[in-house]
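A.B. asks: Take this structure first; my questions come after.
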Amino acid sequence: MAFNIAKSTRVVTYDTQCTTENQEETLYTCPENARAMMSLLFVSNVTGNTTVDWYRGDGARHNHILGGKNMTTGEYIQFDGAYIVFEPGDYMTITPSSNTSPHVDAFVTVEEIFVPVGS
């Protein structure tokens, strides 16, 4: 028999600005006591190329969400209309490249679903 246990959730937006060439910045990390559904990823290029990677919590694998995208100044990319599900410890990074003075802004919106202790 299954029990209907209410879980605590929150919707939050995280952001970062990348201004150092080839320096990886963490955009989002799923808390250890939660699962998360990322509903929006927005990357805006002020100058430079951009790579966005999603790392699984086990550290053994990762996926390129955006690989070395050459965006012109002022161009942006918006991923929405679907979800990326994060497990505890999964994280997403963004790295600007090919510009000695990059400036890339990014933000994500996630719904974090907190797992009750002992579940």
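Ordered as shown in the structure tokens, chains take letters A, B, and onward, while each chain numbers its residues from 1 and ligands are numbered from 1 in the order shown.
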So which residues of chain A fall under strand (DSSP E or B) by DSSP, listed as a PDB file with C-alpha atoms, in the first residue's frame?
C.D. replies:
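Generated file (states-v1.pdb):
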```
ATOM      1  CA  THR A   9       9.123  22.070  -2.664  1.00  0.00           C
ATOM      2  CA  ARG A  10      10.444  25.439  -3.751  1.00  0.00           C
ATOM      3  CA  VAL A  11      10.902  27.154  -7.090  1.00  0.00           C
ATOM      4  CA  VAL A  12      14.087  29.188  -7.314  1.00  0.00           C
ATOM      5  CA  THR A  13      16.248  30.906  -9.933  1.00  0.00           C
ATOM      6  CA  TYR A  14      20.054  30.849  -9.798  1.00  0.00           C
ATOM      7  CA  ASP A  15      22.312  33.037 -11.909  1.00  0.00           C
ATOM      8  CA  THR A  16      25.968  33.625 -12.688  1.00  0.00           C
ATOM      9  CA  GLN A  17      28.150  35.946 -14.740  1.00  0.00           C
ATOM     10  CA  CYS A  18      31.195  34.497 -16.482  1.00  0.00           C
ATOM     11  CA  GLU A  25      31.496  28.433 -13.230  1.00  0.00           C
ATOM     12  CA  THR A  26      28.914  26.270 -11.464  1.00  0.00           C
ATOM     13  CA  LEU A  27      25.450  27.418 -12.461  1.00  0.00           C
ATOM     14  CA  TYR A  28      23.415  24.978 -10.330  1.00  0.00           C
ATOM     15  CA  THR A  29      23.983  22.090  -7.903  1.00  0.00           C
ATOM     16  CA  ALA A  34      16.372  16.898  -2.977  1.00  0.00           C
ATOM     17  CA  ARG A  35      15.546  16.073  -6.547  1.00  0.00           C
ATOM     18  CA  ALA A  36      15.107  18.992  -8.931  1.00  0.00           C
ATOM     19  CA  MET A  37      13.378  19.727 -12.222  1.00  0.00           C
ATOM     20  CA  MET A  38      15.084  22.420 -14.293  1.00  0.00           C
ATOM     21  CA  SER A  39      12.468  24.093 -16.459  1.00  0.00           C
ATOM     22  CA  LEU A  40      14.517  26.970 -17.863  1.00  0.00           C
ATOM     23  CA  LEU A  41      18.121  27.524 -18.922  1.00  0.00           C
ATOM     24  CA  PHE A  42      18.913  30.961 -20.354  1.00  0.00           C
ATOM     25  CA  VAL A  43      22.368  31.915 -21.660  1.00  0.00           C
ATOM     26  CA  SER A  44      23.095  35.418 -22.924  1.00  0.00           C
ATOM     27  CA  ASN A  45      26.327  36.220 -24.715  1.00  0.00           C
ATOM     28  CA  VAL A  46      27.751  39.658 -24.235  1.00  0.00           C
ATOM     29  CA  THR A  47      31.063  38.495 -25.840  1.00  0.00           C
ATOM     30  CA  ASN A  49      31.906  31.370 -27.026  1.00  0.00           C
ATOM     31  CA  THR A  50      30.081  29.302 -24.419  1.00  0.00           C
ATOM     32  CA  THR A  51      29.945  25.694 -23.226  1.00  0.00           C
ATOM     33  CA  VAL A  52      27.280  24.360 -20.808  1.00  0.00           C
ATOM     34  CA  ASP A  53      27.738  20.892 -19.233  1.00  0.00           C
ATOM     35  CA  TRP A  54      25.492  18.782 -16.976  1.00  0.00           C
ATOM     36  CA  TYR A  55      27.436  16.546 -14.573  1.00  0.00           C
ATOM     37  CA  HIS A  62      28.548  14.335 -17.995  1.00  0.00           C
ATOM     38  CA  ASN A  63      26.588  15.639 -20.954  1.00  0.00           C
ATOM     39  CA  HIS A  64      27.227  18.662 -23.125  1.00  0.00           C
ATOM     40  CA  ILE A  65      24.070  20.763 -23.177  1.00  0.00           C
ATOM     41  CA  LEU A  66      25.743  23.450 -25.257  1.00  0.00           C
ATOM     42  CA  GLY A  67      29.175  22.652 -26.697  1.00  0.00           C
ATOM     43  CA  GLY A  68      31.409  25.556 -27.696  1.00  0.00           C
ATOM     44  CA  LYS A  69      28.550  27.570 -29.159  1.00  0.00           C
ATOM     45  CA  ASN A  70      29.850  30.598 -31.046  1.00  0.00           C
ATOM     46  CA  TYR A  76      20.985  34.317 -26.392  1.00  0.00           C
ATOM     47  CA  ILE A  77      19.833  30.719 -26.108  1.00  0.00           C
ATOM     48  CA  GLN A  78      16.793  29.697 -24.112  1.00  0.00           C
ATOM     49  CA  PHE A  79      15.982  26.078 -23.276  1.00  0.00           C
ATOM     50  CA  ILE A  84      16.061  18.173 -16.933  1.00  0.00           C
ATOM     51  CA  VAL A  85      15.766  16.066 -13.783  1.00  0.00           C
ATOM     52  CA  PHE A  86      18.638  16.453 -11.331  1.00  0.00           C
ATOM     53  CA  TYR A  91      25.338  19.998 -11.223  1.00  0.00           C
ATOM     54  CA  MET A  92      25.552  22.230 -14.284  1.00  0.00           C
ATOM     55  CA  THR A  93      28.507  24.387 -15.308  1.00  0.00           C
ATOM     56  CA  ILE A  94      29.087  27.126 -17.841  1.00  0.00           C
ATOM     57  CA  THR A  95      32.461  28.038 -19.363  1.00  0.00           C
ATOM     58  CA  PRO A  96      33.197  30.998 -21.650  1.00  0.00           C
ATOM     59  CA  SER A  97      36.007  30.644 -24.194  1.00  0.00           C
ATOM     60  CA  HIS A 103      31.072  38.189 -20.554  1.00  0.00           C
ATOM     61  CA  VAL A 104      28.373  35.531 -20.527  1.00  0.00           C
ATOM     62  CA  ASP A 105      25.318  35.733 -18.267  1.00  0.00           C
ATOM     63  CA  ALA A 106      23.240  32.666 -17.454  1.00  0.00           C
ATOM     64  CA  PHE A 107      20.380  31.681 -15.219  1.00  0.00           C
ATOM     65  CA  VAL A 108      18.293  28.617 -14.482  1.00  0.00           C
ATOM     66  CA  THR A 109      14.927  28.119 -12.851  1.00  0.00           C
ATOM     67  CA  VAL A 110      14.402  24.881 -10.931  1.00  0.00           C
ATOM     68  CA  GLU A 111      11.765  23.308  -8.739  1.00  0.00           C
ATOM     69  CA  GLU A 112      13.477  21.517  -5.866  1.00  0.00           C
ATOM     70  CA  ILE A 113      11.520  18.657  -4.310  1.00  0.00           C
ATOM     71  CA  PHE A 114      12.863  17.850  -0.868  1.00  0.00           C
TER      72      PHE A 114
END
```
A.B. asks: Between CA of Pro31 in chain A and CA of Gly57 in chain A, what is the distance, to one decimal in Å?
C.D. replies: 10.4 Å
A.B. asks: Please measure the separation of CA of Glu87 in chain A and CA of Thr20 in chain A, giving the value in Å to one decimal.
C.D. replies: 28.8 Å
A.B. asks: For a test of reading the model, state the distance in Å between CA of Ser101 in chain A and CA of Gln23 in chain A, rounded to one decimal.
C.D. replies: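 Separating CA of Ser101 in chain A from CA of Gln23 in chain A is a distance of 11.6 Å.
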A.B. asks: Which residue gives the smallest distance to Glu32 in chain A among A:Pro88, A:Gly81, A:Pro102, A:Pro116, with only C-alpha atoms counted?
C.D. replies: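 Using only C-alpha atoms, Glu32 in chain A sits closest to A:Pro88.
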